[in-house]
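*Asks:* This is the structure I have questions about; it appears just below.
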Amino acid sequence: MSIVVRSRREMPIETEDDVLVVRRAVRDLAVERGFDAFASAALTTAASELTRNVWVHARRGTAVLEDIADGDRVGVRIAFRDQGPGIPDLDRALAGGFSTARSMGLGLSGSRRLVDQFQIETVVGEGTKVEILKWKGL
Amino acid sequence: MTGVIPILRMGDVLLTTVHVELRDAVAEAFQSDVLLALEKRRARGLIIDISGLDMVDTYVARILAETGRMAMLMGTKTVLVGMRPEIAATLVRMGYEMRGVHTALDLDEGLELLQKLPAG
């Protein structure tokens, strides 16, 4: 896979408004790239979950939106980074189990099911990075 | 009414349309407005029109389901109408199950459903 990044946009996640701003930017990018309603809803919802996670648990972070291509395929890749508390029981969170922070469990595992690629790195006490990728589809 | 989401009365049914993004303050005001209206109007049913929402994540879904369960405690059945196909697909794919609300395709079917549901 040789991914070409056609455009890149870094957005802050520092207020509740930013959650909506990031979500709209993701939707606009998906629509612009020709994602159909289902793919666009899936990507936007995953992005909304992950942005909200940063806002709720870390209070501060960034979302980096990339418009990407790999040969004929076009897609969107988004990386969410924060220096928040990290996720203590990642396996359980990814399995959709409710952790102490109820909102995180299903949002994380649910998001994974909506995208084509999902990678997460987290260190308790240091922060979390989640990267998702969704191709436009046929 | 304190929030921005209007609540209308149609006989013994309350109808509300969620036309804005549900964020913490808006969601809270919406829920308390609904409950106060249910108390005042003694409505048998509540219809929440979400045809204007182009995205429902677990936060929004939780608010809607919670509202339904709150209404249930006040003796009112809730029907969600106007869910867009891509939202239904997304919620199921995520594995989210909305409990506390019934669903119907549109307002007509929502009213029909309320007629059919057992009282109380």
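In the structure tokens, each chain is lettered A, B, ... as it comes, each chain's residues begin at 1, and ligands are numbered from 1 in order of appearance.
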Pull the closest atom pair for each residue of chain B that gets at most 7 Å from chain A, along with the distance in Å to one decimal, counting only C-alpha atoms, ordering rows by chain and then ascending residue number, as a Markdown table.

*Replies:*
| residue | atom | partner | partner_atom | distance |
| --- | --- | --- | --- | --- |
| B:Met55 | CA | A:Ala41 | CA | 6.2 |
| B:Val56 | CA | A:Thr45 | CA | 6.9 |
| B:Asp57 | CA | A:Thr45 | CA | 5.4 |
| B:Thr58 | CA | A:Gly107 | CA | 6.3 |
| B:Glu86 | CA | A:Phe38 | CA | 4.8 |
| B:Ile87 | CA | A:Ala41 | CA | 6.8 |
| B:Thr90 | CA | A:Ala42 | CA | 5.7 |
| B:Arg93 | CA | A:Arg113 | CA | 6.5 |
| B:Met94 | CA | A:Gly110 | CA | 4.0 |
| B:Gly95 | CA | A:Gly110 | CA | 6.3 |

*Asks:* Could you pull the residues within 10 Å of Pro12 (chain A), counting only C-alpha atoms, minus those fewer than 2 positions along the same chain, as a list of chain:residue names?

*Replies:*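 The residues satisfying every condition are A:Glu10, A:Glu14, A:Thr15, A:Asp18, A:Val19, A:Val21, A:Val22, A:Thr51, A:Arg60, A:Gly61, A:Thr62, A:Ala63, A:Val64, A:Phe80, A:Arg81.
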
*Asks:* So, with only C-alpha atoms as the atoms that count, which of B:Leu113, B:Gly82, B:Asp108, B:Tyr59 lies closest to Asn53 (chain A)?

*Replies:* B:Tyr59

*Asks:* Mind checking which residues fall within 12 Å of Lys116 (chain B), counting only C-alpha atoms, ignoring those fewer than 2 positions away in the same chain, and posting them as a short mmCIF file (atom, residue, chain, number, x, y, z; two decimals) with C-alpha atoms, in the first residue's frame?

*Replies:*
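What ended up in out-v7.cif:
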data_model
loop_
_atom_site.label_atom_id
_atom_site.label_comp_id
_atom_site.auth_asym_id
_atom_site.auth_seq_id
_atom_site.Cartn_x
_atom_site.Cartn_y
_atom_site.Cartn_z
CA ARG B 44 -50.38 9.53 26.43
CA GLY B 45 -47.67 9.54 23.83
CA LYS B 77 -44.90 5.87 25.44
CA VAL B 79 -41.96 6.80 19.39
CA HIS B 102 -40.32 2.55 19.86
CA GLU B 109 -47.11 5.53 11.39
CA GLY B 110 -45.90 6.89 14.71
CA LEU B 111 -49.42 8.02 15.63
CA GLU B 112 -50.83 4.68 14.48
CA LEU B 113 -48.32 2.85 16.61
CA LEU B 114 -49.23 4.90 19.68
CA PRO B 118 -51.32 -0.96 25.30
CA ALA B 119 -52.11 1.91 27.65
#

*Asks:* So which residues touch Gly52 (chain B) within 9 Å, counting only C-alpha atoms, skipping near sequence neighbours fewer than 4 positions away, as a ChimeraX atom specification?

*Replies:* /B:17-20,82-84

*Asks:* Measuring atom to atom with only C-alpha atoms, identify which of B:Ile47, B:Leu36, B:Leu53, B:Val81 is nearest to Leu22 (chain B).

*Replies:*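 Looking only at the distances to Leu22 (chain B), the closest residue turns out to be B:Leu53.
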
*Asks:* Quote the spacing between CA of Thr67 (chain B) and CA of Gln31 (chain B) in Å to one decimal place.

*Replies:*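 Between CA of Thr67 (chain B) and CA of Gln31 (chain B) the gap works out to 6.0 Å.
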
*Asks:* Name the residues in contact with Leu15 (chain B) at a cut-off of 8 Å, using only C-alpha atoms, excluding same-chain residues fewer than 4 positions from it; report them as a ChimeraX atom specification.

*Replies:* /B:7-10,46-49

*Asks:* State, in Å with one decimal place, the distance from CA of Val74 (chain A) to CA of Thr122 (chain A).

*Replies:*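 Going from CA of Val74 (chain A) over to CA of Thr122 (chain A) covers 28.1 Å.
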
*Asks:* Could you tell me how far CA of Ala65 (chain B) lies from CA of Arg99 (chain B), in Å and to one decimal?

*Replies:*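 Distance between the two atoms: 5.8 Å.
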
*Asks:* Need the shell around Leu73 (chain B): protein/DNA/RNA residues with any atom at most 12 Å away, counting only C-alpha atoms. Skip same-chain ones fewer than 6 positions apart. Format as a list of chain:residue names?

*Replies:*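 Near neighbours after the sequence-gap exclusion: B:Leu35, B:Leu38, B:Glu39, B:Arg44, B:Glu66, B:Thr67, B:Gly100, B:Gly120.
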
*Asks:* In chain A, what's strand (DSSP E) per DSSP? Answer as a ChimeraX atom specification?

*Replies:* /A:4-13,61-70,73-82,117-123,127-135

*Asks:* Please, could you write that set of residues out with C-alpha atoms as a PDB file, in the first residue's frame?

*Replies:*
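So out_33.pdb came out as:
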ATOM      1  CA  VAL A   4      -0.541   9.558  -0.825  1.00  0.00           C
ATOM      2  CA  VAL A   5      -1.756  12.345   1.402  1.00  0.00           C
ATOM      3  CA  ARG A   6      -3.526  14.908  -0.754  1.00  0.00           C
ATOM      4  CA  SER A   7      -4.401  17.312   2.019  1.00  0.00           C
ATOM      5  CA  ARG A   8      -3.988  17.507   5.759  1.00  0.00           C
ATOM      6  CA  ARG A   9      -5.805  19.553   8.352  1.00  0.00           C
ATOM      7  CA  GLU A  10      -5.107  19.715  12.047  1.00  0.00           C
ATOM      8  CA  MET A  11      -7.974  20.728  14.332  1.00  0.00           C
ATOM      9  CA  PRO A  12      -7.988  21.399  18.057  1.00  0.00           C
ATOM     10  CA  ILE A  13     -10.335  19.588  20.428  1.00  0.00           C
ATOM     11  CA  GLY A  61      -6.339  17.047  22.055  1.00  0.00           C
ATOM     12  CA  THR A  62      -6.187  17.205  18.299  1.00  0.00           C
ATOM     13  CA  ALA A  63      -7.788  15.636  15.277  1.00  0.00           C
ATOM     14  CA  VAL A  64      -5.757  15.453  12.093  1.00  0.00           C
ATOM     15  CA  LEU A  65      -7.865  14.913   8.972  1.00  0.00           C
ATOM     16  CA  GLU A  66      -6.159  13.563   5.878  1.00  0.00           C
ATOM     17  CA  ASP A  67      -7.585  13.242   2.421  1.00  0.00           C
ATOM     18  CA  ILE A  68      -5.751  10.207   1.055  1.00  0.00           C
ATOM     19  CA  ALA A  69      -5.400   8.107  -2.066  1.00  0.00           C
ATOM     20  CA  ASP A  70      -3.865   4.745  -2.828  1.00  0.00           C
ATOM     21  CA  ARG A  73      -8.855   4.290  -4.086  1.00  0.00           C
ATOM     22  CA  VAL A  74      -9.686   7.480  -2.261  1.00  0.00           C
ATOM     23  CA  GLY A  75     -10.321   7.734   1.436  1.00  0.00           C
ATOM     24  CA  VAL A  76     -10.129   9.699   4.637  1.00  0.00           C
ATOM     25  CA  ARG A  77      -7.747   9.051   7.493  1.00  0.00           C
ATOM     26  CA  ILE A  78      -8.132  10.723  10.874  1.00  0.00           C
ATOM     27  CA  ALA A  79      -5.793  10.622  13.855  1.00  0.00           C
ATOM     28  CA  PHE A  80      -7.057  11.622  17.297  1.00  0.00           C
ATOM     29  CA  ARG A  81      -4.389  12.433  19.854  1.00  0.00           C
ATOM     30  CA  ASP A  82      -4.558  13.499  23.444  1.00  0.00           C
ATOM     31  CA  GLN A 117      -8.738   0.450   9.559  1.00  0.00           C
ATOM     32  CA  PHE A 118      -8.536   1.202  13.258  1.00  0.00           C
ATOM     33  CA  GLN A 119      -5.362   1.534  15.317  1.00  0.00           C
ATOM     34  CA  ILE A 120      -5.065   2.568  18.922  1.00  0.00           C
ATOM     35  CA  GLU A 121      -2.132   3.260  21.203  1.00  0.00           C
ATOM     36  CA  THR A 122      -2.658   4.242  24.785  1.00  0.00           C
ATOM     37  CA  VAL A 123      -0.505   4.651  27.865  1.00  0.00           C
ATOM     38  CA  GLY A 127      -2.315   9.755  26.568  1.00  0.00           C
ATOM     39  CA  THR A 128      -4.009   8.080  23.664  1.00  0.00           C
ATOM     40  CA  LYS A 129      -3.790   8.016  19.900  1.00  0.00           C
ATOM     41  CA  VAL A 130      -6.512   6.558  17.728  1.00  0.00           C
ATOM     42  CA  GLU A 131      -6.194   6.424  13.958  1.00  0.00           C
ATOM     43  CA  ILE A 132      -9.034   5.463  11.638  1.00  0.00           C
ATOM     44  CA  LEU A 133      -9.220   5.085   7.898  1.00  0.00           C
ATOM     45  CA  LYS A 134     -12.194   4.646   5.639  1.00  0.00           C
ATOM     46  CA  TRP A 135     -12.152   4.167   1.906  1.00  0.00           C
TER      47      TRP A 135
END

*Asks:* Enumerate, as a PyMOL selection string, the complete set of residues in region 18-47 of chain B that a backbone-based DSSP assignment places in alpha helix (DSSP H).

*Replies:* chain B and resi 24-41

*Asks:* From the set A:Gly137, A:Gly71, A:Pro85, A:Gly34, which residue has the shortest atom-to-atom contact distance to Val54 (chain A), counting only C-alpha atoms?

*Replies:*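 Going through A:Gly137, A:Gly71, A:Pro85, A:Gly34 one by one, the smallest distance to Val54 (chain A) is for A:Pro85.
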